[in-house]
>>> print(open('protein38.cif').read())   # mmCIF, C-alpha atoms and all ligand atoms
data_protein
#
loop_
_atom_site.label_atom_id
_atom_site.label_comp_id
_atom_site.auth_asym_id
_atom_site.auth_seq_id
_atom_site.Cartn_x
_atom_site.Cartn_y
_atom_site.Cartn_z
CA MET A 10 21.86 11.29 -2.73
CA THR A 11 24.38 10.53 -5.41
CA ASP A 12 23.81 10.85 -9.09
CA GLY A 13 25.87 7.83 -9.81
CA SER A 14 27.37 8.79 -13.11
CA GLY A 15 30.97 8.10 -12.18
CA PRO A 16 33.26 6.12 -9.98
CA ASP A 17 33.77 9.07 -7.64
CA ASP A 18 30.24 8.94 -6.41
CA GLU A 19 29.64 9.16 -2.74
CA PRO A 20 29.74 5.69 -1.24
CA THR A 21 26.62 4.27 0.27
CA GLU A 22 26.35 1.92 3.17
CA THR A 23 27.30 -1.57 2.12
CA THR A 24 27.59 -3.66 5.23
CA SER A 25 24.70 -5.56 6.63
CA PRO A 26 23.87 -9.12 7.44
CA ARG A 27 21.85 -8.96 4.23
CA ASP A 28 24.66 -7.72 2.04
CA ASP A 29 26.13 -11.05 1.09
CA PRO A 30 25.71 -11.20 -2.67
CA GLY A 31 25.80 -14.95 -2.44
CA GLY A 32 22.12 -14.96 -1.64
CA SER A 33 21.52 -18.63 -2.11
CA PRO A 34 23.61 -21.64 -1.24
CA ALA A 35 25.57 -23.19 -4.04
CA GLY A 36 23.34 -25.35 -6.15
CA VAL A 37 20.07 -24.28 -4.56
CA GLY A 38 17.50 -23.73 -7.23
CA ARG A 39 19.79 -24.67 -10.05
CA ASP A 40 18.37 -26.73 -12.81
CA PRO A 41 20.24 -30.03 -12.63
CA GLY A 42 20.09 -30.04 -16.40
CA GLY A 43 21.69 -26.66 -16.88
CA ASP A 44 21.86 -23.02 -15.91
CA PRO A 45 18.34 -21.61 -16.12
CA SER A 46 19.73 -18.36 -17.47
CA SER A 47 21.00 -20.12 -20.56
CA GLY A 48 17.45 -20.76 -21.72
CA LEU A 49 17.85 -23.24 -24.49
CA ASP A 50 19.12 -26.36 -22.79
CA GLY A 51 16.85 -25.83 -19.79
CA PRO A 52 13.36 -24.43 -20.05
CA LEU A 53 13.00 -24.61 -23.81
CA GLY A 54 14.41 -28.10 -23.73
CA ALA A 55 11.59 -29.02 -21.37
CA LEU A 56 9.13 -27.45 -23.76
CA ALA A 57 10.45 -29.48 -26.65
CA ASP A 58 10.11 -32.64 -24.56
CA ALA A 59 6.50 -32.00 -23.70
CA PRO A 60 3.86 -34.03 -25.49
CA PRO A 61 2.38 -32.04 -28.37
CA GLY A 62 -0.88 -31.51 -26.53
CA GLN A 63 0.96 -29.72 -23.73
CA ARG A 64 3.09 -27.47 -25.88
CA ASP A 65 0.59 -24.86 -26.86
CA GLY A 66 -0.41 -23.69 -23.42
CA GLY A 67 -4.00 -24.03 -24.57
CA ALA A 68 -3.91 -20.67 -26.32
CA SER A 69 -3.69 -21.30 -30.00
CA GLY A 70 -6.21 -18.65 -30.96
CA ASP A 71 -6.61 -19.89 -34.52
CA GLY A 72 -8.12 -23.27 -33.92
CA GLY A 73 -4.97 -25.38 -34.11
CA THR A 74 -1.65 -23.55 -34.33
CA PRO A 75 0.15 -23.91 -30.99
CA ASP A 76 1.05 -20.63 -29.29
CA VAL A 77 4.64 -21.63 -28.67
CA THR A 78 5.66 -18.16 -27.54
CA ALA A 79 3.16 -18.09 -24.70
CA ALA A 80 3.99 -21.64 -23.71
CA ALA A 81 7.73 -20.95 -23.72
CA ALA A 82 7.24 -17.81 -21.65
CA ALA A 83 5.20 -19.76 -19.10
CA VAL A 84 7.87 -22.45 -18.84
CA LEU A 85 10.59 -19.86 -18.36
CA ARG A 86 8.58 -18.12 -15.65
CA ASP A 87 7.88 -21.33 -13.76
CA ARG A 88 11.48 -22.49 -13.93
CA ALA A 89 12.77 -19.13 -12.72
CA THR A 90 10.79 -19.11 -9.49
CA GLU A 91 9.99 -22.70 -8.62
CA TRP A 92 12.88 -23.14 -6.19
CA PHE A 93 11.83 -20.45 -3.69
CA GLU A 94 8.83 -22.19 -2.13
CA PRO A 95 10.70 -25.45 -1.35
CA LEU A 96 13.54 -23.45 0.16
CA TYR A 97 11.20 -21.64 2.56
CA ARG A 98 9.23 -24.82 3.26
CA ASP A 99 12.34 -26.85 4.00
CA ALA A 100 13.59 -24.11 6.33
CA ALA A 101 10.66 -25.12 8.58
CA GLY A 102 10.62 -21.84 10.48
CA ASP A 103 14.39 -21.58 10.92
CA PRO A 104 15.57 -18.27 9.39
CA SER A 105 19.19 -19.42 9.39
CA ALA A 106 18.18 -21.80 6.62
CA VAL A 107 17.10 -18.87 4.41
CA PRO A 108 20.38 -17.51 3.01
CA TRP A 109 19.22 -13.90 2.50
CA ALA A 110 17.25 -13.53 5.74
CA GLY A 111 18.98 -10.81 7.74
CA LEU A 112 15.95 -10.32 10.00
CA ALA A 113 16.34 -6.55 9.65
CA PRO A 114 15.31 -4.00 7.05
CA HIS A 115 17.90 -3.48 4.34
CA PRO A 116 20.20 -0.47 4.96
CA HIS A 117 19.42 0.80 1.46
CA VAL A 118 15.75 1.04 2.44
CA VAL A 119 16.40 2.54 5.86
CA GLY A 120 18.85 5.08 4.41
CA TRP A 121 16.39 6.13 1.72
CA LEU A 122 13.58 6.57 4.22
CA ASP A 123 15.87 8.46 6.60
CA GLN A 124 16.46 11.31 4.15
CA PRO A 125 15.87 14.52 6.06
CA GLY A 126 12.40 15.89 5.51
CA LEU A 127 11.02 12.79 3.83
CA ASP A 128 7.60 11.83 5.12
CA VAL A 129 5.96 8.69 3.80
CA THR A 130 3.03 8.71 6.20
CA GLY A 131 -0.10 7.48 4.44
CA VAL A 132 1.72 6.48 1.26
CA ASP A 133 0.57 3.33 -0.53
CA ALA A 134 3.76 1.28 -0.76
CA VAL A 135 4.48 -2.17 -2.14
CA VAL A 136 7.34 -4.53 -1.34
CA VAL A 137 8.20 -6.93 -4.14
CA GLY A 138 9.47 -10.38 -3.12
CA CYS A 139 9.03 -9.47 0.54
CA GLY A 140 10.59 -12.66 1.92
CA LEU A 141 10.36 -12.67 5.72
CA GLY A 142 8.89 -9.17 5.74
CA ASP A 143 11.41 -6.83 7.41
CA ASP A 144 11.29 -4.11 4.74
CA ALA A 145 7.49 -4.17 4.67
CA VAL A 146 7.28 -3.74 8.42
CA GLU A 147 9.82 -0.91 8.35
CA LEU A 148 7.56 0.95 5.92
CA ALA A 149 4.53 0.31 8.14
CA ARG A 150 6.48 1.57 11.13
CA ARG A 151 6.88 4.84 9.22
CA GLY A 152 3.19 5.07 8.46
CA CYS A 153 2.83 3.54 4.98
CA ARG A 154 -0.12 1.43 3.90
CA VAL A 155 1.94 -1.48 2.67
CA THR A 156 1.19 -4.32 0.31
CA ALA A 157 3.90 -6.98 0.61
CA PHE A 158 3.91 -9.89 -1.79
CA ASP A 159 6.00 -12.93 -2.52
CA VAL A 160 5.68 -15.85 -4.89
CA SER A 161 6.25 -18.24 -1.97
CA PRO A 162 3.12 -18.91 0.11
CA THR A 163 5.28 -20.21 2.95
CA ALA A 164 7.28 -16.96 3.05
CA VAL A 165 4.10 -14.91 3.14
CA THR A 166 2.58 -16.94 5.98
CA TRP A 167 5.87 -16.83 7.87
CA ALA A 168 6.17 -13.05 7.54
CA ARG A 169 2.54 -12.50 8.53
CA GLU A 170 2.90 -14.62 11.65
CA ARG A 171 6.28 -13.17 12.53
CA PHE A 172 4.98 -9.62 12.73
CA ALA A 173 1.32 -10.07 13.71
CA ARG A 174 1.83 -8.66 17.19
CA ASP A 175 4.28 -5.84 16.29
CA LEU A 176 2.07 -4.48 13.54
CA ALA A 177 -0.83 -3.95 15.88
CA GLY A 178 1.02 -1.02 17.46
CA MET A 179 2.27 0.62 14.26
CA PRO A 180 0.87 3.64 12.43
CA GLY A 181 0.83 1.82 9.09
CA THR A 182 -0.49 -1.52 7.93
CA VAL A 183 0.74 -4.49 5.91
CA ASP A 184 -1.44 -6.50 3.58
CA TRP A 185 0.49 -9.73 2.94
CA GLN A 186 -0.25 -11.35 -0.43
CA VAL A 187 0.95 -14.27 -2.52
CA ALA A 188 1.60 -12.92 -6.02
CA ASP A 189 4.00 -13.43 -8.90
CA LEU A 190 5.96 -10.43 -10.15
CA LEU A 191 6.17 -12.15 -13.53
CA ASP A 192 2.41 -12.46 -13.78
CA LEU A 193 1.05 -9.58 -11.74
CA PRO A 194 -2.59 -9.41 -10.72
CA ALA A 195 -4.29 -6.40 -12.28
CA HIS A 196 -5.24 -4.83 -8.93
CA LEU A 197 -1.57 -4.18 -8.10
CA VAL A 198 -0.65 -2.48 -11.36
CA GLY A 199 -0.24 1.29 -11.07
CA ALA A 200 -1.52 1.25 -7.50
CA PHE A 201 1.49 2.56 -5.55
CA GLY A 202 3.30 5.76 -4.70
CA LEU A 203 6.37 3.86 -3.50
CA VAL A 204 7.68 0.54 -4.83
CA VAL A 205 10.49 -1.25 -2.97
CA GLU A 206 12.40 -4.06 -4.64
CA VAL A 207 15.31 -5.56 -2.69
CA ARG A 208 17.31 -8.37 -4.28
CA THR A 209 14.42 -10.09 -6.03
CA VAL A 210 15.29 -9.23 -9.64
CA GLN A 211 18.89 -10.32 -9.08
CA SER A 212 17.62 -13.69 -7.91
CA LEU A 213 15.94 -14.33 -11.25
CA PRO A 214 17.73 -15.62 -14.37
CA ALA A 215 18.35 -13.44 -17.42
CA THR A 216 15.51 -15.14 -19.29
CA VAL A 217 12.94 -13.31 -17.17
CA ARG A 218 14.74 -10.29 -15.75
CA ASP A 219 13.44 -7.80 -18.32
CA ARG A 220 9.93 -8.94 -17.57
CA ALA A 221 10.62 -8.66 -13.85
CA MET A 222 11.94 -5.09 -14.14
CA VAL A 223 9.02 -4.01 -16.31
CA GLY A 224 6.76 -5.64 -13.71
CA VAL A 225 8.41 -3.67 -10.89
CA SER A 226 7.96 -0.49 -12.92
CA SER A 227 4.32 -1.21 -13.60
CA LEU A 228 3.47 -1.15 -9.90
CA ALA A 229 4.23 2.60 -9.67
CA GLY A 230 1.32 4.90 -10.31
CA PRO A 231 1.70 8.40 -11.81
CA GLY A 232 4.28 10.34 -9.81
CA GLY A 233 5.34 7.15 -8.04
CA TRP A 234 8.84 6.38 -6.76
CA VAL A 235 10.70 3.09 -7.15
CA LEU A 236 13.57 2.06 -4.90
CA VAL A 237 15.68 -0.89 -6.03
CA SER A 238 18.58 -2.57 -4.26
CA THR A 239 20.42 -4.96 -6.52
CA LEU A 240 23.75 -6.55 -7.34
CA LEU A 241 25.24 -4.78 -10.35
CA ALA A 242 28.18 -6.11 -12.37
CA THR A 243 30.96 -3.61 -12.97
CA SER A 244 31.15 -4.64 -16.63
CA GLU A 245 29.03 -6.38 -19.22
CA GLU A 246 31.66 -9.12 -19.38
CA ALA A 247 31.46 -9.76 -15.63
CA ALA A 248 27.70 -10.09 -15.92
CA ARG A 249 27.95 -12.49 -18.87
CA SER A 250 30.18 -14.90 -16.97
CA TRP A 251 28.37 -14.63 -13.63
CA GLN A 252 27.14 -17.88 -12.14
CA GLY A 253 23.94 -17.38 -10.15
CA PRO A 254 21.69 -17.32 -8.35
CA PRO A 255 21.90 -14.54 -7.48
CA TRP A 256 23.04 -12.93 -10.69
CA ALA A 257 24.93 -9.67 -11.03
CA GLN A 258 22.87 -7.51 -13.38
CA ALA A 259 24.58 -6.10 -16.44
CA PRO A 260 24.65 -2.27 -16.43
CA SER A 261 22.83 -2.23 -19.77
CA GLU A 262 19.97 -4.29 -18.32
CA LEU A 263 18.79 -1.42 -16.19
CA ALA A 264 17.35 0.15 -19.35
CA ALA A 265 14.35 -2.15 -18.80
CA TYR A 266 13.15 0.28 -16.15
CA ARG A 267 13.05 2.99 -18.82
CA VAL A 268 11.05 0.64 -21.00
CA GLY A 269 8.74 0.32 -18.01
CA GLY A 270 8.15 4.08 -18.14
CA LEU A 271 10.49 5.15 -15.34
CA GLU A 272 13.15 7.82 -15.27
CA ARG A 273 16.36 7.07 -13.38
CA VAL A 274 16.94 9.65 -10.69
CA ALA A 275 19.93 8.22 -8.86
CA LEU A 276 22.28 5.27 -8.92
CA GLU A 277 24.31 5.04 -5.72
CA HIS A 278 27.18 2.67 -5.25
CA PRO A 279 30.36 2.20 -3.27
CA PRO A 280 33.61 3.63 -4.67
CA ALA A 281 34.66 1.78 -7.80
CA ASP A 282 37.04 -1.08 -7.09
CA PRO A 283 38.44 -2.74 -10.23
CA SER A 284 39.12 -5.93 -8.30
CA ARG A 285 35.41 -6.42 -7.58
CA PRO A 286 33.29 -7.74 -10.43
CA ALA A 287 30.04 -6.54 -8.85
CA MET A 288 28.67 -4.28 -6.15
CA GLU A 289 25.41 -3.68 -4.36
CA VAL A 290 23.74 -0.55 -5.69
CA ARG A 291 20.68 1.51 -4.86
CA LEU A 292 18.60 2.83 -7.70
CA THR A 293 15.96 5.51 -7.37
CA LEU A 294 13.50 5.78 -10.24
CA HIS A 295 10.44 7.90 -10.81
CA ARG A 296 7.32 7.76 -12.95
CA ALA A 297 6.26 11.09 -14.33
CA GLY A 298 2.77 12.26 -13.61
CA SER A 299 0.70 13.95 -11.03
CA ALA A 300 2.30 13.91 -7.62
CA SER A 301 2.04 10.87 -5.41
CA ASP A 302 2.05 11.36 -1.67
CA VAL A 303 5.81 10.85 -1.69
CA ASP A 304 6.37 13.14 -4.64
CA SER A 305 5.68 16.32 -2.76
CA ASP A 306 8.53 15.49 -0.42
CA VAL A 307 11.24 14.56 -2.90
CA ASP A 308 12.73 16.73 -5.60
CA ALA A 309 13.66 15.72 -9.12
CA ALA A 310 17.18 14.78 -8.03
CA GLY A 311 15.83 12.24 -5.60
CA ARG A 312 16.58 14.39 -2.56
CA ALA A 313 14.09 14.85 0.18
CA VAL A 314 12.51 18.28 0.28
CA PRO A 315 11.15 19.42 3.60
CA GLU A 316 7.56 20.54 3.33
C1 LIG A 401 16.75 -13.17 -2.58
S1 LIG A 401 15.18 -13.20 -1.86
C2 LIG A 401 15.08 -11.56 -1.14
C3 LIG A 401 13.95 -11.46 -0.14
C4 LIG A 401 13.81 -10.07 0.49
N1 LIG A 401 13.52 -9.06 -0.50
C5 LIG A 401 15.06 -9.75 1.26
O1 LIG A 401 15.83 -8.89 0.81
O2 LIG A 401 15.26 -10.38 2.31
C6 LIG A 401 14.10 -13.07 -3.26
C7 LIG A 401 12.63 -13.15 -2.84
O3 LIG A 401 11.83 -12.91 -3.98
C8 LIG A 401 10.81 -13.88 -4.03
N2 LIG A 401 10.47 -14.01 -5.45
C9 LIG A 401 11.23 -14.56 -6.42
N3 LIG A 401 10.62 -14.48 -7.60
C10 LIG A 401 9.45 -13.86 -7.37
C11 LIG A 401 8.37 -13.49 -8.19
N4 LIG A 401 8.37 -13.77 -9.50
N5 LIG A 401 7.31 -12.86 -7.65
C12 LIG A 401 7.30 -12.57 -6.33
N6 LIG A 401 8.29 -12.92 -5.48
C13 LIG A 401 9.35 -13.54 -6.01
C14 LIG A 401 11.39 -15.11 -3.40
O4 LIG A 401 10.44 -16.02 -2.93
C15 LIG A 401 12.22 -14.50 -2.30
O5 LIG A 401 11.46 -14.31 -1.14
#
>>> encode(input="protein38.cif", output="structure tokens")
Amino acid sequence: MTDGSGPDDEPTETTSPRDDPGGSPAGVGRDPGGDPSSGLDGPLGALADAPPGQRDGGASGDGGTPDVTAAAAAVLRDRATEWFEPLYRDAAGDPSAVPWAGLAPHPHVVGWLDQPGLDVTGVDAVVVGCGLGDDAVELARRGCRVTAFDVSPTAVTWARERFARDLAGMPGTVDWQVADLLDLPAHLVGAFGLVVEVRTVQSLPATVRDRAMVGVSSLAGPGGWVLVSTLLATSEEAARSWQGPPWAQAPSELAAYRVGGLERVALEHPPADPSRPAMEVRLTLHRAGSASDVDSDVDAAGRAVPE
């Protein structure tokens, strides 16, 4: 595994049907009134337009003063994710209508799990934004007890039905759930030894990405490992001018995982290419604490350690 501190880092696999950074078709999910990442002319504009009675989110707390912060946060959250469910619904069971559906586990996940000596049997794992479920089922195939969640009920039903028969013969299990990373149910927080996030944070606008990354972090229990595959801009400037979705994350943004209590163990990426404004990277992060089931098999540099 590569420590990722410089452009000479060992390249990682980058080709897969799922590697197209253009994860959604042009215009899909865009706010017709503006880029949702810009914040002010979109979601907050909608808030300003709301009748006064709907602006406070019902949480004034002092008998009259509207809680504008909570209401604004709720609007931003809704606007960031509301386009996924219609996309899956309109696909009507045709995966070719889901731009990111490669119908195979992501090579970043497979490569991580393939590290010599790594054994995830019996580990409680969670897949964030599971989509059509391939990464979740790969973890179950290797013996994990998987929770896979997505904000789109149609995606969750689709994934469950797609793999119902295959899962019956696997050593692990998958519990498919509808849940929102931006508003996580308490029972998921801190419950996992392995957290897998593939291309969900990059599909969310800047207005909510910090919250999303802190949410991903919060899923890891003490000693837990977090594996992220995301599109990373090669400069802050490239990130600022990026038109999504998906968005290329600014390098500085990744500090949100530290805010979430995680230590970065590795950042793997292809060889630096100045002509490319972004690249797919794999991040390995770790929460300090007593060992999770995975912990005993992986050293502090993110390398698998045979038992
Ligand atoms: C670009 S797709 C990637 C899907 C899957 N991880 C893959 O690589 O095929 C992003 C997924 O995240 C889901 N998603 C977006 N925002 C979410 C949220 N706040 N909570 C849970 N899932 C979310 C979407 O419905 C979608 O399935």
>>> residues_near_ligand(input="protein38.cif", ligand="ligand LIG 401 (chain A)", cutoff="8 Å", atoms="all atoms listed in the file", output="JSON, numbers by chain")
{"A": [27, 32, 33, 86, 89, 90, 93, 94, 97, 108, 109, 110, 111, 112, 114, 115, 136, 137, 138, 139, 140, 141, 142, 143, 144, 158, 159, 160, 161, 164, 187, 188, 189, 190, 191, 192, 206, 207, 208, 209, 210, 211, 212, 213, 221, 255]}
>>> residues_around(input="protein38.cif", residues="range 279-295 of chain A", least_positions_apart="2", cutoff="6 Å", atoms="all atoms listed in the file", output="PyMOL selection string")
chain A and resi 16+20-21+233-243+247+271-277
>>> residues_around(input="protein38.cif", residues="Arg296 in chain A", least_positions_apart="3", cutoff="12 Å", atoms="all atoms listed in the file", output="JSON, numbers by chain")
{"A": [199, 201, 202, 203, 204, 225, 226, 227, 228, 229, 230, 231, 232, 233, 234, 235, 236, 266, 267, 268, 269, 270, 271, 272, 273, 274, 293, 299, 300, 301, 303, 304, 309]}
>>> atom_distance(input="protein38.cif", atom1="CA of Leu193 in chain A", atom2="CA of Thr216 in chain A")
17.2 Å
>>> closest_residue(input="protein38.cif", among="A:Val223, A:Ala83, A:Ala248, A:Val129", to="Ala265 in chain A", atoms="all atoms listed in the file")
A:Val223
>>> atom_distance(input="protein38.cif", atom1="CA of Ala257 in chain A", atom2="CA of Val135 in chain A")
23.5 Å
>>> atom_distance(input="protein38.cif", atom1="CA of Gln252 in chain A", atom2="CA of Val205 in chain A")
25.3 Å
>>> closest_residue(input="protein38.cif", among="A:Ala215, A:Ala134, A:Met222, A:Ala82", to="Trp251 in chain A", atoms="all atoms listed in the file")
A:Ala215
>>> closest_residue(input="protein38.cif", among="A:Gly102, A:Gly224, A:Pro214, A:Gly152", to="Val183 in chain A", atoms="only C-alpha atoms")
A:Gly152
>>> closest_residue(input="protein38.cif", among="A:Cys153, A:Leu127, A:Leu85, A:Val107", to="Arg218 in chain A", atoms="all atoms listed in the file")
A:Leu85
>>> residues_around(input="protein38.cif", residues="Arg249 in chain A", least_positions_apart="3", cutoff="8 Å", atoms="all atoms listed in the file", output="ChimeraX atom specification")
/A:245-246,259
>>> residues_around(input="protein38.cif", residues="Gly178 in chain A", least_positions_apart="3", cutoff="12 Å", atoms="only C-alpha atoms", output="ChimeraX atom specification")
/A:146,149-152,172-175,181-182
>>> closest_residue(input="protein38.cif", among="A:Leu263, A:Ala157, A:Val119, A:Ala80", to="Asp133 in chain A", atoms="all atoms listed in the file")
A:Ala157
